[in-house]
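The file upload_21.cif contains mmCIF, C-alpha atoms:
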```cif
data_input
#
loop_
_atom_site.label_atom_id
_atom_site.label_comp_id
_atom_site.auth_asym_id
_atom_site.auth_seq_id
_atom_site.Cartn_x
_atom_site.Cartn_y
_atom_site.Cartn_z
CA MET A 610 113.49 129.42 80.63
CA LYS A 611 114.65 126.35 82.55
CA SER A 612 112.92 127.53 85.76
CA ALA A 613 109.68 128.17 83.90
CA PHE A 614 109.85 124.66 82.41
CA LEU A 615 110.47 123.08 85.82
CA LEU A 616 107.67 125.10 87.39
CA LEU A 617 105.33 123.98 84.62
CA LEU A 618 106.30 120.34 85.22
CA LEU A 619 105.71 120.73 88.95
CA PHE A 620 102.30 122.31 88.35
CA GLN A 621 101.29 119.54 85.94
CA PHE A 622 102.40 116.86 88.40
CA SER A 623 100.55 118.35 91.34
CA ALA A 624 97.41 118.93 89.28
CA TYR A 625 97.55 115.37 87.99
CA ALA A 626 98.12 113.92 91.47
CA GLU A 627 95.25 115.90 92.99
CA GLU A 628 92.58 115.57 90.36
CA GLU A 629 92.89 112.15 88.79
CA PHE A 630 91.83 109.92 91.70
CA ILE A 631 89.12 110.82 94.20
CA SER A 632 87.39 108.90 96.96
CA THR A 633 84.44 111.07 97.91
CA PRO A 634 81.00 109.46 97.86
CA ASN A 635 79.12 110.18 94.67
CA LEU A 636 75.49 110.41 95.65
CA ASP A 637 74.26 110.93 92.09
CA PHE A 638 74.38 107.26 91.30
CA ALA A 639 71.83 104.72 92.50
CA ALA A 640 73.84 102.22 94.49
CA LEU A 641 72.31 100.28 97.29
CA MET A 642 69.40 98.00 97.52
CA ASN A 643 67.45 97.12 100.65
CA ASP A 644 68.74 94.17 102.61
CA GLU A 645 65.68 91.96 102.93
CA LEU A 646 67.47 88.80 101.78
CA ILE A 647 71.09 89.79 102.18
CA SER A 648 73.06 92.65 103.70
CA VAL A 649 75.32 94.63 101.41
CA ARG A 650 78.30 96.60 102.70
CA ASP A 651 78.73 100.07 101.30
CA ILE A 652 82.21 101.11 100.15
CA THR A 653 83.39 104.51 98.92
CA TYR A 654 85.76 103.58 96.14
CA THR A 655 88.61 105.59 94.69
CA ARG A 656 87.56 106.59 91.16
CA ASN A 657 89.49 107.98 88.21
CA ARG A 658 87.97 111.34 87.25
CA LYS A 659 89.87 111.34 83.98
CA ALA A 660 87.99 108.21 82.90
CA SER A 661 84.82 108.12 80.83
CA PHE A 662 81.89 105.98 81.85
CA CYS A 663 78.29 105.49 80.74
CA THR A 664 75.15 105.87 82.83
CA ARG A 665 72.00 103.85 82.19
CA PRO A 666 68.51 103.47 83.58
CA ILE A 667 68.57 100.34 85.72
CA GLU A 668 65.67 99.02 83.59
CA MET A 669 68.26 98.38 80.86
CA ILE A 670 69.68 95.52 82.96
CA ASP A 671 68.25 92.05 82.36
CA THR A 672 71.17 89.71 83.12
CA VAL A 673 73.37 88.83 86.08
CA VAL A 674 76.86 87.70 85.04
CA ILE A 675 78.86 85.62 87.48
CA HIS A 676 82.64 86.00 87.77
CA HIS A 677 85.52 84.91 89.95
CA SER A 678 88.36 87.35 90.59
CA GLU A 679 91.07 84.72 89.96
CA THR A 680 92.92 86.22 92.94
CA SER A 681 93.23 84.91 96.46
CA SER A 682 89.90 84.51 98.28
CA LEU A 683 91.27 86.95 100.87
CA THR A 684 91.48 89.80 98.35
CA THR A 685 89.27 92.74 99.29
CA PRO A 686 86.93 94.71 96.99
CA GLU A 687 89.14 97.77 97.51
CA VAL A 688 92.16 95.91 96.14
CA ILE A 689 90.18 94.70 93.10
CA ASN A 690 89.30 98.36 92.55
CA GLN A 691 93.00 99.27 92.61
CA TYR A 692 93.78 96.58 90.03
CA HIS A 693 91.00 97.83 87.78
CA LEU A 694 92.11 101.45 88.13
CA ASN A 695 95.39 100.31 86.57
CA ARG A 696 93.63 99.11 83.42
CA GLY A 697 92.95 100.82 80.13
CA SER A 698 95.24 103.29 78.44
CA ALA A 699 96.32 106.82 79.34
CA ALA A 700 93.72 108.10 76.86
CA ASP A 701 91.00 105.70 78.01
CA PRO A 702 91.54 104.56 81.61
CA TRP A 703 89.05 102.56 83.66
CA TYR A 704 86.76 104.52 85.94
CA MET A 705 86.56 102.11 88.90
CA ILE A 706 85.92 98.47 89.80
CA ALA A 707 84.18 96.74 86.89
CA TYR A 708 81.67 94.67 88.90
CA SER A 709 78.47 95.78 90.61
CA TYR A 710 78.83 93.48 93.63
CA VAL A 711 81.68 91.63 95.31
CA ILE A 712 81.29 88.48 97.37
CA ASN A 713 83.87 87.31 99.86
CA THR A 714 83.47 83.86 101.36
CA PRO A 715 85.78 81.00 102.35
CA TYR A 716 86.53 78.02 100.11
CA ILE A 717 85.08 74.70 101.27
CA GLY A 718 87.04 73.62 104.34
CA ASN A 719 88.39 77.11 105.12
CA THR A 720 87.26 79.57 107.75
CA LYS A 721 88.51 82.84 106.26
CA PRO A 722 87.59 85.33 105.00
CA LEU A 723 84.33 86.43 106.61
CA SER A 724 81.35 85.91 104.28
CA GLU A 725 80.22 89.29 103.08
CA VAL A 726 78.71 91.08 100.09
CA SER A 727 79.98 94.54 99.18
CA VAL A 728 78.81 97.04 96.61
CA GLY A 729 80.97 97.62 93.57
CA ARG A 730 80.24 99.97 90.71
CA PRO A 731 76.76 101.52 91.14
CA LEU A 732 74.05 99.84 89.06
CA GLY A 733 73.35 103.10 87.25
CA ILE A 734 76.84 102.99 85.73
CA VAL A 735 77.60 100.55 82.93
CA GLY A 736 80.11 97.93 84.05
CA ALA A 737 83.29 96.69 82.34
CA HIS A 738 83.09 92.96 82.90
CA ALA A 739 81.45 91.32 79.86
CA GLY A 740 84.03 92.09 77.16
CA SER A 741 84.53 95.38 75.37
CA ASN A 742 83.18 94.38 71.95
CA ILE A 743 80.45 91.90 72.72
CA TYR A 744 76.98 92.81 71.48
CA VAL A 745 73.71 91.23 72.58
CA PRO A 746 70.19 91.68 71.16
CA MET A 747 68.00 94.29 72.85
CA ASP A 748 64.41 93.60 73.83
CA ALA A 749 61.62 96.11 73.18
CA VAL A 750 62.07 97.97 76.49
CA GLN A 751 65.82 98.29 75.97
CA GLN A 752 65.34 99.50 72.40
CA GLN A 753 62.83 102.09 73.65
CA LEU A 754 65.21 103.35 76.37
CA TRP A 755 68.06 103.49 73.85
CA SER A 756 65.97 105.46 71.34
CA GLU A 757 65.05 107.92 74.11
CA LYS A 758 68.79 108.48 74.62
CA LYS A 759 68.70 107.28 78.21
CA VAL A 760 72.19 105.73 77.98
CA LEU A 761 74.77 108.51 78.05
CA CYS A 762 78.53 108.66 78.38
CA GLY A 763 81.10 111.15 79.62
CA LYS A 764 83.32 112.06 82.54
CA GLU A 765 82.44 113.16 86.05
CA GLY A 766 81.47 116.78 86.21
CA GLN A 767 80.93 117.01 82.45
CA PRO A 768 77.73 116.74 80.37
CA GLN A 769 76.96 113.13 79.44
CA LYS A 770 76.56 112.46 75.72
CA TYR A 771 74.88 109.96 73.47
CA ASP A 772 77.38 107.38 72.10
CA PRO A 773 76.07 105.55 69.00
CA SER A 774 79.03 103.12 69.05
CA LEU A 775 77.34 101.25 71.90
CA VAL A 776 74.80 99.85 69.44
CA ARG A 777 74.96 97.81 66.20
CA GLY A 778 71.55 97.52 64.62
CA THR A 779 69.27 96.17 67.36
CA SER A 780 72.14 94.82 69.45
CA ILE A 781 73.93 96.66 72.24
CA LYS A 782 77.20 96.16 74.10
CA ALA A 783 76.68 93.39 76.67
CA ASN A 784 77.98 95.55 79.51
CA VAL A 785 75.00 97.90 79.08
CA THR A 786 72.37 95.24 79.77
CA THR A 787 74.23 93.20 82.39
CA LEU A 788 75.58 93.53 85.90
CA GLY A 789 78.59 91.61 87.20
CA ILE A 790 78.80 89.78 90.53
CA VAL A 791 82.29 88.59 91.37
CA VAL A 792 83.41 86.20 94.08
CA ASN A 793 86.92 86.85 95.32
CA GLY A 794 88.84 83.64 94.76
CA ASN A 795 90.12 81.28 92.09
CA TYR A 796 87.79 78.49 91.02
CA ALA A 797 89.79 77.42 87.97
CA LEU A 798 92.36 74.68 87.48
CA LEU A 799 96.03 75.26 88.29
CA SER A 800 97.93 75.75 85.04
CA ARG A 801 100.89 77.62 83.65
CA SER A 802 98.64 80.60 82.98
CA ASN A 803 96.77 80.25 86.28
CA PRO A 804 99.30 79.83 89.11
CA ASN A 805 96.62 80.80 91.65
CA GLY A 806 94.46 77.88 90.56
CA ASN A 807 94.15 74.54 92.28
CA LYS A 808 94.27 70.88 91.36
CA PRO A 809 91.55 69.77 91.57
CA GLU A 810 89.88 73.13 91.02
CA LYS A 811 87.93 74.69 93.90
CA THR A 812 84.17 74.27 93.72
CA PRO A 813 81.54 76.67 95.06
CA SER A 814 80.51 76.07 98.66
CA SER A 815 76.83 75.85 99.57
CA LYS A 816 77.33 79.23 101.27
CA LEU A 817 78.57 80.77 98.02
CA THR A 818 75.71 79.25 96.05
CA ASP A 819 73.29 80.68 98.60
CA MET A 820 74.92 84.12 98.49
CA PHE A 821 74.72 84.27 94.68
CA ALA A 822 71.07 83.19 94.88
CA ARG A 823 70.10 85.67 97.62
CA LEU A 824 71.84 88.59 95.96
CA SER A 825 70.42 87.82 92.49
CA CYS A 826 66.93 87.32 93.95
CA GLN A 827 67.12 90.55 95.96
CA LEU A 828 68.08 92.36 92.75
CA GLN A 829 65.16 90.80 90.87
CA ARG A 830 62.75 91.80 93.66
CA GLN A 831 63.89 95.39 93.38
CA TYR A 832 64.34 95.42 89.59
CA PRO A 833 61.98 92.79 88.09
CA ARG A 834 63.50 93.00 84.59
CA ILE A 835 66.62 91.25 85.90
CA ARG A 836 65.62 87.74 84.80
CA ASN A 837 68.68 86.03 83.32
CA LEU A 838 71.64 84.36 84.96
CA THR A 839 74.88 83.54 83.20
CA PHE A 840 78.65 83.51 83.58
CA HIS A 841 81.58 85.43 82.17
CA ARG A 842 82.89 82.84 79.69
CA LYS A 843 79.62 82.89 77.82
CA TYR A 844 80.79 86.19 76.33
CA HIS A 845 84.38 85.44 75.31
CA SER A 846 87.32 83.11 75.75
CA THR A 847 88.32 83.09 79.43
CA THR A 848 88.68 80.65 82.32
CA CYS A 849 86.37 82.84 84.42
CA PRO A 850 84.50 81.86 86.59
CA GLY A 851 86.21 78.47 86.77
CA SER A 852 84.14 75.54 88.04
CA ILE A 853 81.23 77.83 88.99
CA HIS A 854 80.11 77.85 85.36
CA TYR A 855 79.48 74.09 85.30
CA LYS A 856 75.82 73.29 84.65
CA LYS A 857 75.27 71.68 88.04
CA HIS A 858 76.57 74.73 89.94
CA MET A 859 74.66 77.27 87.87
CA GLU A 860 71.51 75.17 88.22
CA ALA A 861 72.10 75.03 91.98
CA ILE A 862 72.12 78.85 92.11
CA GLN A 863 68.99 78.98 89.96
CA LYS A 864 67.23 76.44 92.19
CA LYS A 865 68.24 78.28 95.36
CA ALA A 866 66.90 81.54 93.94
CA GLN A 867 63.65 79.71 93.22
CA GLU A 868 63.41 78.77 96.90
CA TYR A 869 63.53 82.50 97.64
CA GLY A 870 60.71 83.10 95.18
CA CYS A 871 62.73 84.21 92.14
CA GLU A 872 62.79 82.74 88.64
CA PHE A 873 65.89 83.08 86.51
CA LYS A 874 66.53 81.84 83.00
CA LEU A 875 70.00 80.28 82.70
CA LEU A 876 71.85 81.51 79.62
CA ARG A 877 74.50 78.96 78.60
CA MET B 1363 122.84 123.63 76.83
CA ARG B 1364 119.08 122.99 76.84
CA ILE B 1365 119.44 120.37 74.11
CA GLN B 1366 122.19 118.65 76.08
CA ILE B 1367 119.97 118.48 79.19
CA ILE B 1368 117.11 117.05 77.16
CA ALA B 1369 119.47 114.48 75.59
CA ILE B 1370 120.74 113.42 79.02
CA ILE B 1371 117.18 113.06 80.32
CA CYS B 1372 116.24 110.98 77.26
CA LEU B 1373 119.27 108.71 77.67
CA PHE B 1374 118.43 108.23 81.35
CA ALA B 1375 114.82 107.38 80.51
CA ILE B 1376 115.86 104.89 77.83
CA SER B 1377 118.31 103.24 80.19
CA ALA B 1378 115.71 102.96 82.99
CA HIS B 1379 113.19 101.57 80.52
CA ALA B 1380 115.68 99.01 79.23
CA GLN B 1381 116.43 97.93 82.79
CA THR B 1382 112.71 97.45 83.45
CA ASP B 1383 112.34 95.44 80.24
CA LYS B 1384 115.25 93.25 81.34
CA GLN B 1385 113.72 92.72 84.77
CA GLN B 1386 110.38 91.77 83.26
CA LYS B 1387 111.99 89.32 80.84
CA GLU B 1388 114.06 87.72 83.60
CA LEU B 1389 111.10 87.30 85.92
CA PHE B 1390 108.88 85.65 83.33
CA ASN B 1391 111.68 83.46 82.00
CA LYS B 1392 112.12 82.15 85.54
CA TYR B 1393 108.36 81.80 85.84
CA ASP B 1394 108.32 79.53 82.80
CA GLU B 1395 111.30 77.59 84.16
CA VAL B 1396 109.26 76.86 87.28
CA MET B 1397 105.84 76.22 85.75
CA MET B 1398 106.91 74.43 82.54
CA TYR B 1399 110.18 72.75 83.41
CA HIS B 1400 109.71 72.22 87.17
CA GLN B 1401 112.83 74.18 88.14
CA VAL B 1402 111.32 74.54 91.60
CA HIS B 1403 114.54 75.85 93.17
CA LEU B 1404 113.53 79.16 91.57
CA VAL B 1405 110.17 79.37 93.34
CA ASP B 1406 111.42 81.88 95.94
CA GLU B 1407 112.77 84.10 93.18
CA VAL B 1408 109.55 84.09 91.22
CA PHE B 1409 106.72 84.27 93.75
CA THR B 1410 106.14 86.57 96.71
CA GLU B 1411 106.06 85.26 100.27
CA ASN B 1412 102.40 86.22 100.45
CA PHE B 1413 101.59 84.16 97.36
CA LEU B 1414 103.39 81.08 98.68
CA LYS B 1415 101.77 81.48 102.11
CA GLU B 1416 98.31 81.56 100.56
CA HIS B 1417 99.13 78.30 98.77
CA GLY B 1418 99.95 76.54 102.00
CA GLY B 1419 103.63 77.37 101.98
CA LYS B 1420 106.53 76.85 99.59
CA GLU B 1421 106.65 73.05 99.80
CA GLU B 1422 102.93 72.72 99.21
CA PHE B 1423 103.13 74.98 96.18
CA ILE B 1424 106.11 73.05 94.83
CA GLN B 1425 104.00 69.87 94.97
CA LYS B 1426 101.27 71.67 93.03
CA VAL B 1427 103.80 72.74 90.40
CA LYS B 1428 105.09 69.18 90.10
CA SER B 1429 101.55 68.03 89.36
CA LEU B 1430 101.63 70.11 86.16
CA PRO B 1431 102.86 68.41 83.00
CA LEU B 1432 106.63 68.62 82.52
CA GLU B 1433 107.07 70.23 79.15
CA LYS B 1434 109.75 69.67 76.56
CA ARG B 1435 112.17 72.53 76.10
CA LYS B 1436 111.23 74.73 73.20
CA LYS B 1437 112.61 77.90 71.73
CA GLY B 1438 110.34 80.90 71.82
CA LEU B 1439 107.06 80.44 73.60
CA GLY B 1440 105.15 82.67 71.20
CA ALA B 1441 103.34 84.26 74.10
CA LEU B 1442 102.41 87.87 73.49
CA PHE B 1443 103.34 90.26 76.22
CA GLN B 1444 102.13 93.66 77.19
CA LYS B 1445 104.83 95.45 79.16
CA TRP B 1446 104.22 95.74 82.78
CA LYS B 1447 102.47 98.79 84.04
CA LYS B 1448 103.08 100.50 87.33
CA SER B 1449 99.96 101.22 89.37
CA LYS B 1450 98.91 104.76 90.21
CA VAL B 1451 96.85 103.63 93.18
CA GLY B 1452 98.42 100.89 95.33
CA LYS B 1453 101.95 99.45 95.05
CA PHE B 1454 102.06 96.85 92.32
CA LEU B 1455 102.57 96.34 88.60
CA THR B 1456 100.50 94.38 86.13
CA ALA B 1457 101.82 92.40 83.16
CA LYS B 1458 99.75 90.70 80.50
CA ARG B 1459 100.41 87.58 78.49
CA LYS B 1460 98.22 85.95 75.84
CA GLU B 1461 98.38 82.31 74.84
CA LYS B 1462 95.91 80.30 72.79
CA GLY B 1463 93.38 83.13 72.93
CA ILE B 1464 93.37 83.40 76.70
CA GLU B 1465 94.82 86.44 78.39
CA THR B 1466 96.56 86.28 81.76
CA GLU B 1467 97.13 89.40 83.81
CA PHE B 1468 99.85 88.98 86.42
CA ILE B 1469 100.13 91.05 89.57
CA VAL B 1470 103.79 91.82 90.31
CA LYS B 1471 105.12 93.29 93.53
CA GLU B 1472 108.50 94.35 94.80
CA GLU B 1473 109.93 92.22 97.59
CA ASP B 1474 113.41 92.63 99.04
CA GLY B 1475 114.35 94.84 96.11
CA LYS B 1476 113.23 92.29 93.49
CA TYR B 1477 110.08 91.99 91.40
CA LYS B 1478 108.04 88.87 92.05
CA ILE B 1479 104.68 87.48 91.02
CA ASP B 1480 101.92 87.92 93.60
CA GLY B 1481 99.16 86.24 91.59
CA THR B 1482 96.89 86.90 88.65
CA ILE B 1483 93.57 88.66 88.15
CA SER B 1484 90.67 87.75 85.90
CA ASP B 1485 90.20 89.66 82.68
CA GLY B 1486 86.58 90.38 83.66
#
```
Would you mind writing the structure in this file as structure tokens?
Amino acid sequence: MKSAFLLLLLFQFSAYAEEEFISTPNLDFAALMNDELISVRDITYTRNRKASFCTRPIEMIDTVVIHHSETSSLTTPEVINQYHLNRGSAADPWYMIAYSYVINTPYIGNTKPLSEVSVGRPLGIVGAHAGSNIYVPMDAVQQQLWSEKKVLCGKEGQPQKYDPSLVRGTSIKANVTTLGIVVNGNYALLSRSNPNGNKPEKTPSSKLTDMFARLSCQLQRQYPRIRNLTFHRKYHSTTCPGSIHYKKHMEAIQKKAQEYGCEFKLLR
Amino acid sequence: MRIQIIAIICLFAISAHAQTDKQQKELFNKYDEVMMYHQVHLVDEVFTENFLKEHGGKEEFIQKVKSLPLEKRKKGLGALFQKWKKSKVGKFLTAKRKEKGIETEFIVKEEDGKYKIDGTISDG
């Protein structure tokens, strides 16, 4: 009896260790965009197969949401992915990194890390960056796509299902209609709850402003319905993305995108 | 016999859990001593070498801490805590704290056999 119990435990452990996390490329999901304005590095992320996620037509997305990671500026996208894999509960873990794109660039006056944009969660998968219970109004196209049951949820390798909890009336969870771009770094003020912060707080470099603008504009060129620009703390109480959310910095990104031929509405 | 084995396993698990709770409480008590009451002699016990290095070294970070307001001693901070969680991918733990509606998620790593804070990560 004891041996059978131990064997069962061993089997469960090995099954759990093998199946839960995988790092093979998943070619089903639309990921990359062409690199006319900016190059984007591809990364094959470790994903949690036991996690549920939702897929969406990219036409559902109309808003870019800017974040900072709050970590060191030297943090890599792969490490952010590890942190996010540790989130959620045993019953409802996170699937992978919450953001769609990750920017690395030095603070003003620094030389490291190398400036680079990497992919995050594929655009065809709903992110996890704009709060779990924040609803935003849908426009006519989004309502149409929703009524056609184009947004579906489930686990890898299983049939995706319609989830009515994503919608309340004509509003939908913000994560469904947005994509998150995060810059690795901490642009908020040093405080007891933000030991990684600085005093005065770091401000976005012209390079960072340009990278946000190029990436957002490239996305709009490929997916013209992406027309709005905003920041994380618009959705709920958070220090993210620190000083980047100040009007002058957001307007600088908007103006830079305009120079590249793209028009964004700033949502404040 | 089976019941006795199960009881021993349960006692062991409870004891290990209690030890972890104690370690978490100690670390964050020291963290508050540093950040609120400027007990900067504890900096090495609270933060990892990597964290201090990224802030320009221990002395530089101490100066940053001293720029924070020195708070009056108070009983019970009222901060809500979610117990720290060991990672399944990568070697770290995360611990959450909520104050005045804002949630902080700490990254904790083991260094020289002790748990120390390696930074925080945004709730996004």
**Atom pair atom CA of Leu838 of chain A / atom CA of Pro666 of chain A: separation (Å)** = 19.4 Å
**Message:** Measuring between all atoms listed in the file, which one of B:Ile1424, B:Ala1457, B:Met1397, B:Lys1462 shows the shortest distance to chain A?
**Reply:** B:Met1397
**Request:** Evaluate the PyMOL selection byres ((chain B and resi 1452) around 9) on the structure here and hand back the selected residues as number ranges by chain.
**Result:** A: 688, 691-692; B: 1449-1451, 1453-1454
**Request:** Enumerate, as a PyMOL selection string, the residues matched when the PyMOL selection byres ((chain B) within 10 of (chain A)) is run on the file above.
**Result:** chain B and resi 1364+1393-1394+1396-1398+1409+1413-1414+1416-1417+1423+1426-1427+1429-1431+1447-1456+1459-1469+1479-1486
**Request:** For atom CA of Lys864 of chain A and atom CA of Ser852 of chain A, quote the distance in Å rounded to one decimal.
**Result:** 17.4 Å
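Note that the spacing between atom CA of Pro773 of chain A and atom CA of Ile835 of chain A amounts to 24.1 Å.
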**Request:** Go through B:Ile1370, B:Leu1389, B:Val1470, B:Leu1432 and flag the residue nearest Val1405 of chain B, using all atoms listed in the file for the distances.
**Result:** B:Leu1389
Axis-aligned box over every listed atom of segment 1464-1470 of chain B, padded by 8 Å per side: centre and edges in Å to one decimal, as lines of an AutoDock Vina configuration file?
```
center_x = 98.6
center_y = 87.6
center_z = 83.5
size_x = 26.4
size_y = 24.4
size_z = 29.6
```
**Message:** For the PyMOL selection byres ((chain A and resi 668) around 12), applied here, can you spell out every residue it catches as a ChimeraX atom specification?
**Reply:** /A:664-667,669-672,732-733,747-755,759-760,785-788,828-829,831-836
**Message:** For Lys1478 of chain B, find every residue with an atom within 7 Å (counting only C-alpha atoms), except residues of its own chain fewer than 4 positions away, and show them as a ChimeraX atom specification.
**Reply:** /B:1407-1410,1470-1473
